[in-house]
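Asker: File follows, query.cif with mmCIF, C-alpha atoms and all ligand atoms:
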```
data_protein
#
loop_
_atom_site.label_atom_id
_atom_site.label_comp_id
_atom_site.auth_asym_id
_atom_site.auth_seq_id
_atom_site.Cartn_x
_atom_site.Cartn_y
_atom_site.Cartn_z
CA MET A 4 34.27 -3.60 23.73
CA GLU A 5 35.44 -6.76 25.50
CA GLN A 6 31.87 -7.39 26.56
CA LEU A 7 30.58 -6.93 23.04
CA ALA A 8 33.06 -9.46 21.69
CA SER A 9 31.90 -12.02 24.24
CA ARG A 10 28.31 -11.64 23.02
CA VAL A 11 29.15 -12.18 19.35
CA ARG A 12 28.36 -15.69 18.03
CA PRO A 13 31.25 -18.09 18.69
CA GLY A 14 33.40 -18.71 15.63
CA LEU A 15 33.05 -15.21 14.17
CA GLN A 16 36.31 -14.15 15.84
CA ARG A 17 38.13 -16.55 13.55
CA ILE A 18 36.74 -15.04 10.35
CA GLU A 19 39.10 -12.70 8.55
CA PRO A 20 37.06 -10.08 6.68
CA TYR A 21 37.50 -10.43 2.91
CA VAL A 22 40.16 -8.00 1.68
CA PRO A 23 39.59 -7.17 -1.99
CA GLY A 24 42.39 -5.83 -4.18
CA LEU A 25 42.75 -2.04 -4.34
CA THR A 26 40.14 -0.37 -6.50
CA ASP A 27 41.37 1.54 -9.54
CA ASP A 28 40.37 4.84 -7.88
CA GLU A 29 42.52 4.08 -4.82
CA LEU A 30 45.53 3.18 -6.93
CA MET A 31 45.26 6.32 -9.08
CA ARG A 32 45.10 8.44 -5.94
CA ARG A 33 48.00 6.67 -4.24
CA PHE A 34 50.46 6.94 -7.14
CA GLY A 35 49.04 10.05 -8.80
CA LEU A 36 48.33 8.06 -11.96
CA GLU A 37 46.05 9.18 -14.81
CA ARG A 38 44.78 5.70 -15.53
CA VAL A 39 45.34 2.18 -14.28
CA ILE A 40 45.19 -1.24 -15.86
CA LYS A 41 42.98 -3.37 -13.65
CA LEU A 42 43.92 -7.02 -14.01
CA ASN A 43 43.23 -8.17 -10.46
CA ALA A 44 39.64 -9.42 -10.35
CA ASN A 45 39.11 -11.63 -13.44
CA GLU A 46 36.66 -9.16 -14.95
CA ASN A 47 35.77 -9.16 -18.65
CA ALA A 48 38.24 -7.05 -20.67
CA LEU A 49 35.59 -6.34 -23.30
CA GLY A 50 33.24 -4.75 -20.77
CA PRO A 51 29.55 -5.49 -20.30
CA SER A 52 27.32 -6.85 -23.04
CA PRO A 53 25.82 -3.88 -24.96
CA LEU A 54 22.43 -5.60 -24.86
CA ALA A 55 22.67 -5.67 -21.06
CA LEU A 56 23.35 -1.91 -21.00
CA GLN A 57 20.26 -1.26 -23.14
CA ALA A 58 18.15 -3.41 -20.83
CA ILE A 59 19.36 -1.43 -17.81
CA GLN A 60 18.49 1.87 -19.51
CA ALA A 61 14.99 0.63 -20.26
CA GLU A 62 14.51 -0.47 -16.65
CA LEU A 63 15.59 2.78 -14.95
CA PRO A 64 12.15 4.51 -14.81
CA ARG A 65 10.78 1.57 -12.83
CA LEU A 66 13.35 1.62 -10.03
CA HIS A 67 10.73 2.70 -7.48
CA HIS A 68 9.13 -0.73 -7.81
CA TYR A 69 10.45 -3.83 -6.09
CA PRO A 70 11.91 -6.48 -8.36
CA ASP A 71 10.28 -9.83 -9.01
CA GLY A 72 11.31 -11.70 -5.86
CA GLY A 73 11.33 -15.03 -7.70
CA SER A 74 13.36 -13.73 -10.70
CA GLU A 75 10.85 -15.64 -12.83
CA GLU A 76 11.73 -14.33 -16.31
CA LEU A 77 15.45 -14.61 -15.74
CA ARG A 78 15.09 -18.15 -14.41
CA GLU A 79 13.05 -19.09 -17.48
CA ALA A 80 15.73 -17.66 -19.77
CA ILE A 81 18.46 -19.58 -17.93
CA ALA A 82 16.41 -22.79 -18.00
CA ALA A 83 15.95 -22.48 -21.77
CA PHE A 84 19.66 -21.73 -22.24
CA HIS A 85 20.71 -24.88 -20.33
CA HIS A 86 17.80 -27.10 -21.40
CA VAL A 87 16.66 -27.70 -17.81
CA GLY A 88 13.44 -27.04 -15.91
CA THR A 89 12.81 -23.58 -14.43
CA ASP A 90 12.50 -25.22 -11.01
CA GLN A 91 16.13 -26.40 -11.32
CA VAL A 92 17.36 -22.79 -11.53
CA PHE A 93 18.22 -20.63 -8.53
CA VAL A 94 19.29 -16.98 -8.92
CA GLY A 95 21.42 -15.03 -6.44
CA ASN A 96 23.06 -11.69 -5.75
CA GLY A 97 26.25 -13.02 -7.32
CA SER A 98 27.33 -16.62 -6.86
CA ASP A 99 28.90 -15.49 -3.56
CA ASP A 100 25.32 -15.09 -2.32
CA ILE A 101 24.43 -18.61 -3.47
CA ILE A 102 27.49 -20.14 -1.77
CA LYS A 103 26.49 -18.47 1.50
CA LEU A 104 22.85 -19.54 1.18
CA ILE A 105 23.82 -23.17 0.50
CA SER A 106 26.10 -23.01 3.56
CA GLU A 107 23.26 -21.62 5.69
CA THR A 108 20.90 -24.31 4.43
CA PHE A 109 23.11 -27.31 5.14
CA LEU A 110 25.89 -26.64 7.63
CA ASN A 111 25.76 -27.23 11.38
CA PRO A 112 28.76 -26.59 13.65
CA ALA A 113 30.13 -30.15 13.62
CA ASP A 114 29.68 -30.56 9.86
CA GLU A 115 32.50 -30.52 7.35
CA ILE A 116 33.07 -29.27 3.84
CA VAL A 117 35.83 -30.44 1.50
CA VAL A 118 37.58 -27.84 -0.62
CA PRO A 119 40.57 -27.94 -2.96
CA VAL A 120 43.62 -25.89 -1.90
CA PRO A 121 44.30 -23.38 -3.29
CA SER A 122 40.87 -22.35 -4.51
CA PHE A 123 38.17 -19.69 -4.18
CA SER A 124 37.97 -18.37 -0.61
CA GLN A 125 34.18 -18.04 -0.42
CA TYR A 126 33.63 -21.77 0.15
CA ALA A 127 35.57 -21.69 3.43
CA PHE A 128 33.92 -18.38 4.33
CA GLY A 129 30.44 -19.93 4.05
CA ALA A 130 31.54 -22.75 6.35
CA ALA A 131 33.16 -20.36 8.84
CA VAL A 132 29.96 -18.31 9.18
CA MET A 133 28.14 -21.52 10.13
CA GLN A 134 31.01 -22.70 12.36
CA ALA A 135 31.45 -25.78 10.20
CA GLN A 136 34.89 -27.31 9.63
CA VAL A 137 36.89 -26.98 6.43
CA ARG A 138 38.90 -29.91 5.15
CA GLY A 139 41.35 -28.62 2.57
CA VAL A 140 42.72 -31.04 -0.03
CA PRO A 141 45.86 -29.87 -1.82
CA LEU A 142 45.85 -30.00 -5.61
CA GLY A 143 48.28 -32.51 -7.14
CA PRO A 144 51.35 -31.87 -9.31
CA GLU A 145 50.94 -28.91 -11.68
CA PHE A 146 47.78 -27.95 -9.78
CA ALA A 147 45.79 -30.85 -11.21
CA TYR A 148 42.84 -32.20 -9.21
CA ASP A 149 43.62 -35.20 -7.01
CA ILE A 150 40.37 -37.16 -7.12
CA GLU A 151 41.50 -39.92 -4.75
CA ALA A 152 42.51 -37.33 -2.14
CA LEU A 153 39.19 -35.48 -2.47
CA ALA A 154 37.19 -38.70 -2.12
CA THR A 155 39.29 -39.83 0.84
CA ALA A 156 38.70 -36.53 2.67
CA VAL A 157 34.94 -37.21 2.73
CA ASN A 158 33.61 -38.75 5.93
CA GLN A 159 30.35 -39.12 7.88
CA ARG A 160 30.33 -35.44 8.72
CA THR A 161 30.88 -34.14 5.18
CA LYS A 162 27.92 -32.21 3.78
CA LEU A 163 29.45 -30.34 0.84
CA VAL A 164 32.33 -30.94 -1.57
CA TYR A 165 33.42 -28.00 -3.73
CA VAL A 166 35.27 -28.24 -7.01
CA CYS A 167 36.10 -25.17 -9.04
CA SER A 168 36.85 -25.62 -12.74
CA PRO A 169 38.75 -23.90 -14.21
CA ASN A 170 40.07 -23.34 -10.72
CA ASN A 171 40.62 -19.86 -9.30
CA PRO A 172 43.52 -18.95 -8.87
CA THR A 173 45.35 -21.73 -10.79
CA GLY A 174 43.33 -21.77 -14.03
CA THR A 175 43.58 -25.57 -14.20
CA ILE A 176 40.55 -27.70 -15.00
CA LEU A 177 38.79 -30.71 -13.59
CA ARG A 178 38.58 -33.21 -16.43
CA GLN A 179 35.26 -34.75 -17.41
CA GLU A 180 36.45 -38.26 -16.63
CA ASP A 181 37.65 -37.13 -13.19
CA ALA A 182 34.30 -35.48 -12.45
CA GLU A 183 32.61 -38.77 -13.28
CA ARG A 184 35.07 -40.72 -11.16
CA LEU A 185 34.56 -38.34 -8.22
CA LEU A 186 30.76 -38.63 -8.36
CA HIS A 187 31.08 -42.39 -8.61
CA GLN A 188 33.17 -42.53 -5.43
CA LEU A 189 31.09 -40.19 -3.29
CA PRO A 190 28.19 -41.35 -1.10
CA GLU A 191 24.60 -40.50 -1.99
CA ASN A 192 24.13 -37.93 0.75
CA VAL A 193 27.03 -35.58 -0.10
CA ILE A 194 26.33 -32.51 -2.21
CA VAL A 195 28.95 -31.69 -4.82
CA VAL A 196 29.14 -28.05 -5.85
CA PHE A 197 30.81 -27.52 -9.23
CA ASP A 198 31.82 -23.87 -9.52
CA PHE A 199 31.85 -23.16 -13.25
CA ALA A 200 32.49 -19.40 -13.03
CA TYR A 201 35.11 -19.82 -15.78
CA ASN A 202 33.97 -23.03 -17.50
CA ASP A 203 32.47 -21.20 -20.46
CA PHE A 204 35.83 -19.63 -21.28
CA THR A 205 37.31 -23.01 -22.11
CA GLU A 206 36.77 -25.02 -25.23
CA CYS A 207 39.20 -27.68 -24.05
CA PRO A 208 37.86 -31.13 -25.01
CA ASP A 209 38.68 -32.44 -21.49
CA ARG A 210 36.55 -29.86 -19.66
CA VAL A 211 33.45 -30.93 -17.73
CA VAL A 212 30.44 -30.95 -20.02
CA GLU A 213 27.14 -29.96 -18.45
CA SER A 214 25.34 -33.02 -19.66
CA GLU A 215 21.83 -34.03 -18.67
CA ALA A 216 23.34 -36.83 -16.56
CA LEU A 217 25.35 -34.30 -14.56
CA LEU A 218 22.57 -31.74 -14.15
CA CYS A 219 20.00 -34.34 -13.12
CA ASP A 220 22.17 -35.99 -10.46
CA PRO A 221 20.36 -34.90 -7.26
CA ARG A 222 23.72 -34.48 -5.48
CA VAL A 223 25.02 -31.97 -8.01
CA VAL A 224 24.85 -28.18 -7.85
CA VAL A 225 26.43 -26.20 -10.68
CA LEU A 226 27.34 -22.54 -10.11
CA HIS A 227 27.52 -19.90 -12.83
CA THR A 228 28.00 -16.17 -12.67
CA PHE A 229 27.29 -13.15 -14.83
CA SER A 230 30.38 -11.47 -13.34
CA LYS A 231 33.02 -12.95 -15.64
CA LEU A 232 32.02 -14.06 -19.15
CA TYR A 233 29.09 -11.63 -19.27
CA GLY A 234 31.00 -8.66 -17.84
CA LEU A 235 28.45 -7.74 -15.17
CA ALA A 236 30.49 -8.03 -11.95
CA GLY A 237 29.27 -4.65 -10.69
CA LEU A 238 25.61 -5.66 -10.90
CA ARG A 239 25.92 -8.77 -8.70
CA VAL A 240 24.06 -11.65 -10.29
CA GLY A 241 24.80 -15.35 -10.49
CA TYR A 242 22.85 -18.57 -10.78
CA ALA A 243 22.93 -22.22 -9.91
CA LEU A 244 21.41 -25.36 -11.39
CA GLY A 245 20.38 -28.19 -9.11
CA ASP A 246 17.66 -30.38 -7.73
CA PRO A 247 14.28 -28.57 -7.25
CA GLU A 248 13.89 -30.12 -3.79
CA LEU A 249 17.27 -28.74 -2.74
CA TRP A 250 16.23 -25.24 -3.87
CA SER A 251 12.96 -25.54 -1.93
CA PHE A 252 15.10 -25.48 1.23
CA VAL A 253 17.60 -22.87 0.07
CA HIS A 254 14.67 -20.54 -0.69
CA ARG A 255 13.87 -20.51 3.04
CA VAL A 256 17.07 -18.63 3.86
CA ARG A 257 17.03 -16.37 0.81
CA GLU A 258 16.16 -12.69 1.18
CA PRO A 259 12.83 -11.97 -0.51
CA PHE A 260 14.32 -9.59 -3.12
CA ASN A 261 17.89 -10.86 -3.38
CA VAL A 262 18.38 -9.91 -7.05
CA ASN A 263 17.64 -6.34 -8.09
CA ARG A 264 15.57 -5.20 -11.10
CA MET A 265 18.47 -4.10 -13.27
CA ALA A 266 20.43 -7.25 -12.58
CA GLN A 267 17.50 -9.45 -13.60
CA ARG A 268 16.92 -7.56 -16.86
CA ALA A 269 20.58 -7.15 -17.75
CA ALA A 270 21.40 -10.79 -17.06
CA ALA A 271 18.58 -12.03 -19.30
CA ALA A 272 19.74 -9.68 -22.08
CA ALA A 273 23.38 -10.72 -21.69
CA LEU A 274 22.45 -14.39 -21.92
CA ALA A 275 20.89 -13.69 -25.32
CA ASP A 276 23.95 -11.74 -26.53
CA GLU A 277 25.67 -14.49 -28.49
CA ALA A 278 28.01 -12.01 -30.21
CA HIS A 279 29.39 -10.64 -26.93
CA ARG A 280 29.85 -14.11 -25.50
CA ARG A 281 31.68 -15.38 -28.61
CA ALA A 282 33.90 -12.29 -28.75
CA SER A 283 34.76 -12.66 -25.05
CA ILE A 284 35.72 -16.32 -25.43
CA ARG A 285 37.79 -15.58 -28.53
CA HIS A 286 39.58 -12.69 -26.86
CA VAL A 287 40.45 -14.81 -23.82
CA ALA A 288 41.80 -17.64 -26.01
CA MET A 289 44.04 -15.15 -27.82
CA SER A 290 45.27 -13.58 -24.57
CA ARG A 291 45.98 -16.99 -23.11
CA ASN A 292 48.27 -17.83 -26.04
CA LEU A 293 50.03 -14.49 -25.72
CA PHE A 294 50.75 -14.83 -21.99
CA ALA A 295 51.68 -18.53 -22.19
CA ALA A 296 54.14 -17.88 -25.02
CA TRP A 297 55.61 -14.93 -23.11
CA ALA A 298 56.05 -17.01 -19.95
CA ARG A 299 57.76 -19.78 -21.94
CA ARG A 300 60.06 -17.30 -23.64
CA HIS A 301 61.17 -15.92 -20.27
CA GLY A 302 61.34 -19.25 -18.49
CA LEU A 303 58.59 -18.38 -16.02
CA GLN A 304 56.48 -21.20 -14.65
CA ALA A 305 52.76 -20.94 -15.50
CA PRO A 306 50.27 -23.79 -15.14
CA PRO A 307 48.14 -24.45 -18.24
CA THR A 308 45.18 -22.11 -17.83
CA GLU A 309 41.70 -22.48 -19.29
CA ALA A 310 40.33 -19.36 -17.58
CA ASN A 311 40.54 -15.61 -18.30
CA PHE A 312 43.63 -15.27 -16.12
CA ILE A 313 47.03 -16.88 -15.69
CA LEU A 314 49.10 -17.73 -12.63
CA LEU A 315 52.78 -16.77 -12.99
CA ARG A 316 55.69 -17.72 -10.74
CA THR A 317 57.69 -14.55 -10.33
CA GLY A 318 59.62 -15.21 -7.11
CA ASP A 319 57.98 -12.97 -4.52
CA GLY A 320 54.36 -12.55 -5.56
CA VAL A 321 53.47 -9.65 -3.29
CA GLU A 322 56.68 -7.84 -4.25
CA THR A 323 55.87 -8.26 -7.96
CA MET A 324 52.32 -7.01 -7.35
CA ASN A 325 53.55 -3.93 -5.48
CA ARG A 326 56.13 -3.08 -8.13
CA LEU A 327 53.59 -3.46 -10.92
CA MET A 328 51.37 -0.99 -9.06
CA THR A 329 53.96 1.73 -9.52
CA HIS A 330 53.52 1.13 -13.27
CA GLY A 331 49.75 1.43 -12.89
CA VAL A 332 49.16 -2.29 -13.39
CA MET A 333 47.04 -4.11 -10.82
CA VAL A 334 47.38 -7.87 -10.42
CA ARG A 335 46.59 -10.17 -7.51
CA ALA A 336 49.01 -11.98 -5.17
CA GLY A 337 49.02 -13.27 -1.61
CA PHE A 338 47.03 -16.46 -2.18
CA SER A 339 47.51 -18.84 0.69
CA GLY A 340 50.19 -21.40 -0.14
CA LEU A 341 51.29 -19.48 -3.24
CA PRO A 342 53.77 -16.86 -1.97
CA GLU A 343 55.82 -16.99 -5.18
CA TRP A 344 52.98 -16.46 -7.63
CA VAL A 345 50.87 -13.66 -9.08
CA ARG A 346 47.54 -14.01 -10.86
CA VAL A 347 47.06 -11.80 -13.89
CA THR A 348 43.63 -11.30 -15.46
CA PHE A 349 43.70 -10.88 -19.23
CA GLY A 350 42.96 -7.32 -20.34
CA THR A 351 42.38 -5.70 -23.71
CA GLU A 352 45.11 -6.21 -26.32
CA GLU A 353 46.65 -2.89 -25.34
CA GLU A 354 46.44 -3.66 -21.60
CA ASN A 355 48.00 -7.09 -22.14
CA GLU A 356 50.98 -5.54 -23.95
CA ALA A 357 51.39 -2.85 -21.27
CA CYS A 358 51.23 -5.51 -18.54
CA LEU A 359 53.88 -7.69 -20.19
CA ARG A 360 56.20 -4.67 -20.66
CA ALA A 361 55.69 -3.73 -16.99
CA LEU A 362 56.40 -7.32 -15.91
CA GLU A 363 59.62 -7.31 -17.99
CA ALA A 364 60.66 -4.11 -16.27
CA VAL A 365 59.95 -5.15 -12.69
CA LEU A 366 61.37 -8.67 -13.16
CA HIS A 367 64.41 -7.33 -15.09
CA LEU A 368 63.75 -9.60 -18.06
CA ALA A 369 65.59 -8.91 -21.27
C1 LIG A 401 34.49 -14.55 -9.52
C2 LIG A 401 34.10 -15.90 -9.04
C3 LIG A 401 32.77 -16.17 -8.74
C4 LIG A 401 31.71 -15.16 -9.01
O1 LIG A 401 31.31 -14.50 -7.93
P1 LIG A 401 30.09 -13.48 -8.06
O2 LIG A 401 29.64 -13.40 -6.65
O3 LIG A 401 29.06 -14.11 -8.95
O4 LIG A 401 30.64 -12.22 -8.61
C5 LIG A 401 32.43 -17.43 -8.31
N1 LIG A 401 33.36 -18.39 -8.18
C6 LIG A 401 34.64 -18.16 -8.51
C7 LIG A 401 35.61 -19.26 -8.41
C8 LIG A 401 35.04 -16.90 -8.92
O5 LIG A 401 36.33 -16.69 -9.21
#
```
Output the file's structure as structure tokens, nothing else.
Answerer:
Amino acid sequence: MEQLASRVRPGLQRIEPYVPGLTDDELMRRFGLERVIKLNANENALGPSPLALQAIQAELPRLHHYPDGGSEELREAIAAFHHVGTDQVFVGNGSDDIIKLISETFLNPADEIVVPVPSFSQYAFGAAVMQAQVRGVPLGPEFAYDIEALATAVNQRTKLVYVCSPNNPTGTILRQEDAERLLHQLPENVIVVFDFAYNDFTECPDRVVESEALLCDPRVVVLHTFSKLYGLAGLRVGYALGDPELWSFVHRVREPFNVNRMAQRAAAAALADEAHRRASIRHVAMSRNLFAAWARRHGLQAPPTEANFILLRTGDGVETMNRLMTHGVMVRAGFSGLPEWVRVTFGTEEENEACLRALEAVLHLA
């Protein structure tokens, strides 16, 4: 075993395998529960788009055939949706896949990436796989983006800068004017990846708008996913918009059939499901008000969220998470640098109420 470890690529020893939250099946088994309320992975409380389900049904008899390796029809649908060229669209097996492929395309061992802290762990993972260095830049007061600090962290070795808005796990947004200021301050040869996994949940006037100017800046990559708003996390499909030349290189490290048949069909159908998208956005806005008002009423700190989840300061985050589990409610805690917080994904109306009652019980709130 010692010998095997010495033959593994250097740097891999430092990578901690991703530990997802318990699945609902595991929790039910552990506590002998009949059902659980799963609010730990920012999934869509309304479920998948019904049009996506129909598309999957229709595709089943053709599962013996390989998918379209270039995801042509899906890329065309995405291009039309965002008013960009099809060659600006890249599709992946979830946006996790795209983050890894971008890392593999650009990062050498001495290179650096700049990431906000706390934020989504996959950015640092992509760098770690390539043995590149991660420069973490703490968010400012109330988890707001600190543009000066991000710009200052960039040096000769920086290849990629990530910004996540609304940010996971804080829910806070990068404001449009700050995005412009950041791009203005960064050199021409640094790629800026905007992760907009939750940007379509917000209708806040300050949010980053995906204008033509943004999408046609050759330094800019914009990430989207079908896992959250569209309710298709289990299918694994995400996409990115960026410069066609950039994609011509990323394609070289992509697996030939990285997005499966059902994912391609379901994603295209979900994109056309205006009713499901509207209902999802509306439901999240309502849940946000409910949780924010509850937190205020009980004097719990909660940064202003524009996503489909909220970060709550409960004292000992992991302790709160574990106690909620005994009530059949799954939330997420243990984010680095946030030992006192839990992140709660919004559920259905009924799940939200059950979660708040469980929180009141475990936190002994009147
Ligand atoms: C959930 C999430 C994603 C989506 O990942 P998929 O691989 O598409 O499921 C991307 N970025 C952030 C910040 C997320 O929270």
Asker: So the first atom is atom CA of A:Val39 and the second is atom CA of A:Leu232; what is the distance between them in Å, to one decimal place?
Answerer: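 A separation of 21.6 Å between them.
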Asker: Can you pull out every residue within 7 Å of stretch 204-221 of chain A, counting all atoms listed in the file, but drop anything in the same chain fewer than 4 positions away, and send it as a ChimeraX atom specification?
Answerer: /A:176-179,245-246,284,309-311
Asker: Can you pull out every residue with an atom within 7 Å of ligand LIG 401 (chain A)? Use all atoms listed in the file and format it as a list in words.
Answerer: Asn45, Asn96, Gly97, Ser98, Asp99, Asp100, Phe123, Cys167, Asn170, Asn171, Asp198, Ala200, Thr228, Phe229, Ser230, Lys231, Ala236, Arg239, Val240 and Gly241 of chain A
Asker: Of the candidates A:Val225, A:Ala243, A:Leu15, A:Val120, which shows the shortest atom-to-atom distance to A:Gly143, using only C-alpha atoms?
Answerer: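 Smallest separation from A:Gly143 among the options: A:Val120.
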Asker: What is the atom CA of A:Met31 to atom CA of A:Val365 distance in Å?
Answerer: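 Atom-to-atom, atom CA of A:Met31 to atom CA of A:Val365, that is 19.0 Å.
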Asker: Of the residues A:Thr175, A:Ser251, A:Gln188, A:Thr329, which is the one nearest to A:Thr155, using all atoms listed in the file?
Answerer: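 The answer is A:Gln188, which sits nearest to A:Thr155.
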Asker: List the spatial neighbours of stretch 105-118 of chain A as a ChimeraX atom specification - criterion: any atom at most 10 Å away, all atoms listed in the file, same-chain residues fewer than 3 positions off excluded.
Answerer: /A:14,100-102,121-124,126-142,153-154,156-167,193-196,224,249-250,252-257
Asker: Ranking A:Asn43, A:Ser9, A:Asn325, A:Asn261 by minimum distance to A:Arg346 and counting only C-alpha atoms, which one comes first?
Answerer: A:Asn43
Asker: Between atom CA of A:Phe199 and atom CA of A:Leu362, what is the distance in Å, rounded to a tenth?
Answerer: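 If I compute the distance from atom CA of A:Phe199 to atom CA of A:Leu362, I get 29.3 Å.
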Asker: Between A:Gly331, A:Pro144, A:Pro307, A:Gly95, which one has atoms that come closest to A:Asn292, using all atoms listed in the file?
Answerer: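 Looking only at the distances to A:Asn292, the closest residue turns out to be A:Pro307.
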Asker: Nearest residue to A:Leu77 out of A:Ala270, A:Val332, A:Leu30, A:Ala369, using all atoms listed in the file?
Answerer: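 Using all atoms listed in the file, the shortest distance to A:Leu77 belongs to A:Ala270.
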Asker: Nearest to A:Phe312 among A:Pro13, A:Glu79, A:Ala269, A:Ala288, with distances taken over only C-alpha atoms: which residue is it?
Answerer: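 Among the listed residues, the smallest separation from A:Phe312 belongs to A:Ala288.
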Asker: Would you pick out the contacts of stretch 313-315 of chain A at 12 Å or less, using all atoms listed in the file, so that residues sharing its chain but fewer than 6 positions from it are not included, and give the list as a ChimeraX atom specification?
Answerer: /A:42-45,121,145-146,169-175,287-288,290-299,301-307,323-324,334-338,341-350,355,359,362,366
